[in-house]
Amino acid sequence: MDSDLDLSELRIFPLPNLVLFPSVRLPLHIFEPRYRELTRDALAGDRVIAMVLLQDNAASGVQAHPAVYEVGCAGRVVGHEALSDGRYQLLLEGQSRIRITQELRTREPFRRVRAEAWPELPGDGRDPELLRELDQIRQGIEKTVLGLTRRDAPATERQVQERLRQLDSIELVNLVCFGLDCSPVEKQALLEAPELVRRARMLEHLLQFRLAETRLPEGPRTLQ
């Protein structure tokens with residue numbers, strides 16, 4: 001986690017279909033006027049923007065402040081390009097899971113909140129037992145990811161394997177969660193797991209279920 005994050009007046013970027021995780025780098029194309037202003041404000045300041053998921057019943061673009069989930073991820077802009085027509089290309093890197101405690105009133109066209117950091121691992125994150133458990137779960141995740149790759153895109157298996165080996169266990173869990181082919185609400189549930197080891201267990205079970213589905217001759221079954 002970036003300990004320098006100021007969460008007292010945090011800019012938020014609500015989206016209906018995206019959940020950011022710590023350690024993940026997210027490319028963003030900014031074109032709406034309110035988010036261009038948000039971007040200018042962030043680039044002139046601490047470069048921090050929090051990604052939050054709109055709730056299912058939120059009418060984005062109709063309500064001024066549609067409801068969002070209280071748990072999101074604060075990221076820092078680590079790369080940007082200002083385009084000639086006022087749009088931006090951003091690269092946002094997830095820094096810390098956050099929990100919104102209050103939405104702030106502002107005259108700006110974008111939204112700000114007060115939030116608190118929600119650590120992924122207890123204490124200083126260096127508990128040897130927890131890290132060993134995470135590494136053990138990582139082995140199962142890596143094996144299942146390669147199994148799915150072997151079935152769906154066998155030509156890329158070696159490339160995927162090399163990429164996984166370059167990541168530490170925390171990065172691997174969060175990157176696979178971010179890239180998982182599932183609904184935004186399922187990804188939100190992964191983000192809201194009480195701590196990282198629980199998230200890793202949830203991810204391992206989801207991946208194993210996906211692999212089992214691919215082995216059914218008629219695909220997944222539905223009971224009626």
# chains A, B, ... in the order shown; residues from 1 in each chain; ligands from 1
>>> residues_around(residues="region 185-199 of chain A", least_positions_apart="3", cutoff="7 Å", atoms="only C-alpha atoms", output="list in words")
Val19, Phe21, Val71, Glu120, Leu121, Leu134, Cys177, Cys182, Met202 and Leu203 of chain A
>>> write_last_selection(atoms="C-alpha atoms", output="PDB file, in the first residue's frame")
ATOM      1  CA  VAL A  19     -13.350  -3.246 -10.497  1.00  0.00           C
ATOM      2  CA  PHE A  21      -7.419  -4.235  -7.561  1.00  0.00           C
ATOM      3  CA  VAL A  71     -15.424  -0.523  -1.156  1.00  0.00           C
ATOM      4  CA  GLU A 120      -5.172  -6.537   2.365  1.00  0.00           C
ATOM      5  CA  LEU A 121      -3.069  -8.290   4.990  1.00  0.00           C
ATOM      6  CA  LEU A 134      -0.711 -17.426   0.239  1.00  0.00           C
ATOM      7  CA  CYS A 177      -8.959 -11.400 -10.141  1.00  0.00           C
ATOM      8  CA  CYS A 182     -16.933 -12.960 -14.600  1.00  0.00           C
ATOM      9  CA  MET A 202     -12.247 -17.613  -3.399  1.00  0.00           C
ATOM     10  CA  LEU A 203     -10.333 -17.116  -6.635  1.00  0.00           C
TER      11      LEU A 203
END
>>> residues_around(residues="Leu43 (chain A)", least_positions_apart="4", cutoff="8 Å", atoms="only C-alpha atoms", output="list of chain:residue names")
A:Thr39, A:Arg47, A:Val77
>>> atom_distance(atom1="CA of Leu28 (chain A)", atom2="CA of Leu53 (chain A)")
15.0 Å
>>> residues_around(residues="Gln161 (chain A)", least_positions_apart="2", cutoff="10 Å", atoms="only C-alpha atoms", output="mmCIF file with N, CA and C atoms, in the first residue's frame")
data_model
loop_
_atom_site.group_PDB
_atom_site.id
_atom_site.type_symbol
_atom_site.label_atom_id
_atom_site.label_comp_id
_atom_site.auth_asym_id
_atom_site.auth_seq_id
_atom_site.Cartn_x
_atom_site.Cartn_y
_atom_site.Cartn_z
ATOM 1 N N GLU A 142 -2.098 -20.884 -10.064
ATOM 2 C CA GLU A 142 -1.240 -20.908 -11.251
ATOM 3 C C GLU A 142 -1.511 -22.165 -12.084
ATOM 4 N N LYS A 143 -1.640 -23.294 -11.424
ATOM 5 C CA LYS A 143 -1.897 -24.555 -12.132
ATOM 6 C C LYS A 143 -3.218 -24.505 -12.890
ATOM 7 N N VAL A 145 -4.940 -21.741 -13.855
ATOM 8 C CA VAL A 145 -4.849 -20.760 -14.942
ATOM 9 C C VAL A 145 -4.180 -21.379 -16.165
ATOM 10 N N LEU A 146 -3.117 -22.137 -15.943
ATOM 11 C CA LEU A 146 -2.430 -22.781 -17.059
ATOM 12 C C LEU A 146 -3.300 -23.860 -17.691
ATOM 13 N N THR A 149 -5.692 -22.036 -19.862
ATOM 14 C CA THR A 149 -4.968 -21.529 -21.034
ATOM 15 C C THR A 149 -4.695 -22.652 -22.021
ATOM 16 N N THR A 156 -0.468 -19.854 -26.310
ATOM 17 C CA THR A 156 0.036 -18.811 -25.407
ATOM 18 C C THR A 156 0.452 -19.363 -24.046
ATOM 19 N N GLU A 157 0.389 -20.690 -23.861
ATOM 20 C CA GLU A 157 0.634 -21.258 -22.532
ATOM 21 C C GLU A 157 2.010 -20.888 -21.996
ATOM 22 N N ARG A 158 3.035 -21.011 -22.808
ATOM 23 C CA ARG A 158 4.388 -20.700 -22.313
ATOM 24 C C ARG A 158 4.515 -19.224 -21.958
ATOM 25 N N GLN A 159 3.926 -18.367 -22.764
ATOM 26 C CA GLN A 159 3.977 -16.937 -22.490
ATOM 27 C C GLN A 159 3.267 -16.611 -21.177
ATOM 28 N N ARG A 163 4.865 -15.112 -17.644
ATOM 29 C CA ARG A 163 4.316 -13.906 -17.019
ATOM 30 C C ARG A 163 3.948 -14.164 -15.563
ATOM 31 N N LEU A 164 3.340 -15.312 -15.272
ATOM 32 C CA LEU A 164 2.962 -15.639 -13.902
ATOM 33 C C LEU A 164 4.193 -15.755 -13.008
ATOM 34 N N ARG A 165 5.262 -16.304 -13.551
ATOM 35 C CA ARG A 165 6.487 -16.471 -12.760
ATOM 36 C C ARG A 165 7.120 -15.140 -12.390
ATOM 37 N N GLN A 166 6.822 -14.096 -13.135
ATOM 38 C CA GLN A 166 7.412 -12.781 -12.859
ATOM 39 C C GLN A 166 6.703 -12.052 -11.717
#
>>> atom_distance(atom1="CA of Arg215 (chain A)", atom2="CA of Phe178 (chain A)")
23.9 Å
>>> atom_distance(atom1="CA of Leu131 (chain A)", atom2="CA of Glu93 (chain A)")
22.8 Å
>>> residues_around(residues="Asp85 (chain A)", least_positions_apart="6", cutoff="12 Å", atoms="only C-alpha atoms", output="PyMOL selection string")
chain A and resi 30-33+36
>>> write_last_selection(atoms="N, CA and C atoms", output="PDB file, in the first residue's frame")
ATOM      1  N   ILE A  30     -10.038   8.931 -21.134  1.00  0.00           N
ATOM      2  CA  ILE A  30     -10.901   9.915 -20.471  1.00  0.00           C
ATOM      3  C   ILE A  30     -11.446  10.883 -21.518  1.00  0.00           C
ATOM      4  N   PHE A  31     -12.779  10.893 -21.665  1.00  0.00           N
ATOM      5  CA  PHE A  31     -13.367  11.759 -22.686  1.00  0.00           C
ATOM      6  C   PHE A  31     -14.517  12.617 -22.165  1.00  0.00           C
ATOM      7  N   GLU A  32     -15.246  12.175 -21.108  1.00  0.00           N
ATOM      8  CA  GLU A  32     -16.341  12.991 -20.583  1.00  0.00           C
ATOM      9  C   GLU A  32     -15.787  14.264 -19.948  1.00  0.00           C
ATOM     10  N   PRO A  33     -16.451  15.416 -20.156  1.00  0.00           N
ATOM     11  CA  PRO A  33     -15.949  16.688 -19.610  1.00  0.00           C
ATOM     12  C   PRO A  33     -15.692  16.653 -18.105  1.00  0.00           C
ATOM     13  N   ARG A  36     -12.582  14.741 -17.507  1.00  0.00           N
ATOM     14  CA  ARG A  36     -11.406  15.505 -17.955  1.00  0.00           C
ATOM     15  C   ARG A  36     -10.983  16.470 -16.844  1.00  0.00           C
TER      16      ARG A  36
END
>>> closest_residue(among="A:Ile170, A:Ala200, A:Leu26, A:Val113", to="Leu92 (chain A)", atoms="only C-alpha atoms")
A:Leu26
>>> select_by_dssp(residues="region 18-181 of chain A", states="alpha helix (DSSP H)", output="ChimeraX atom specification")
/A:33-44,128-152,157-165,169-179
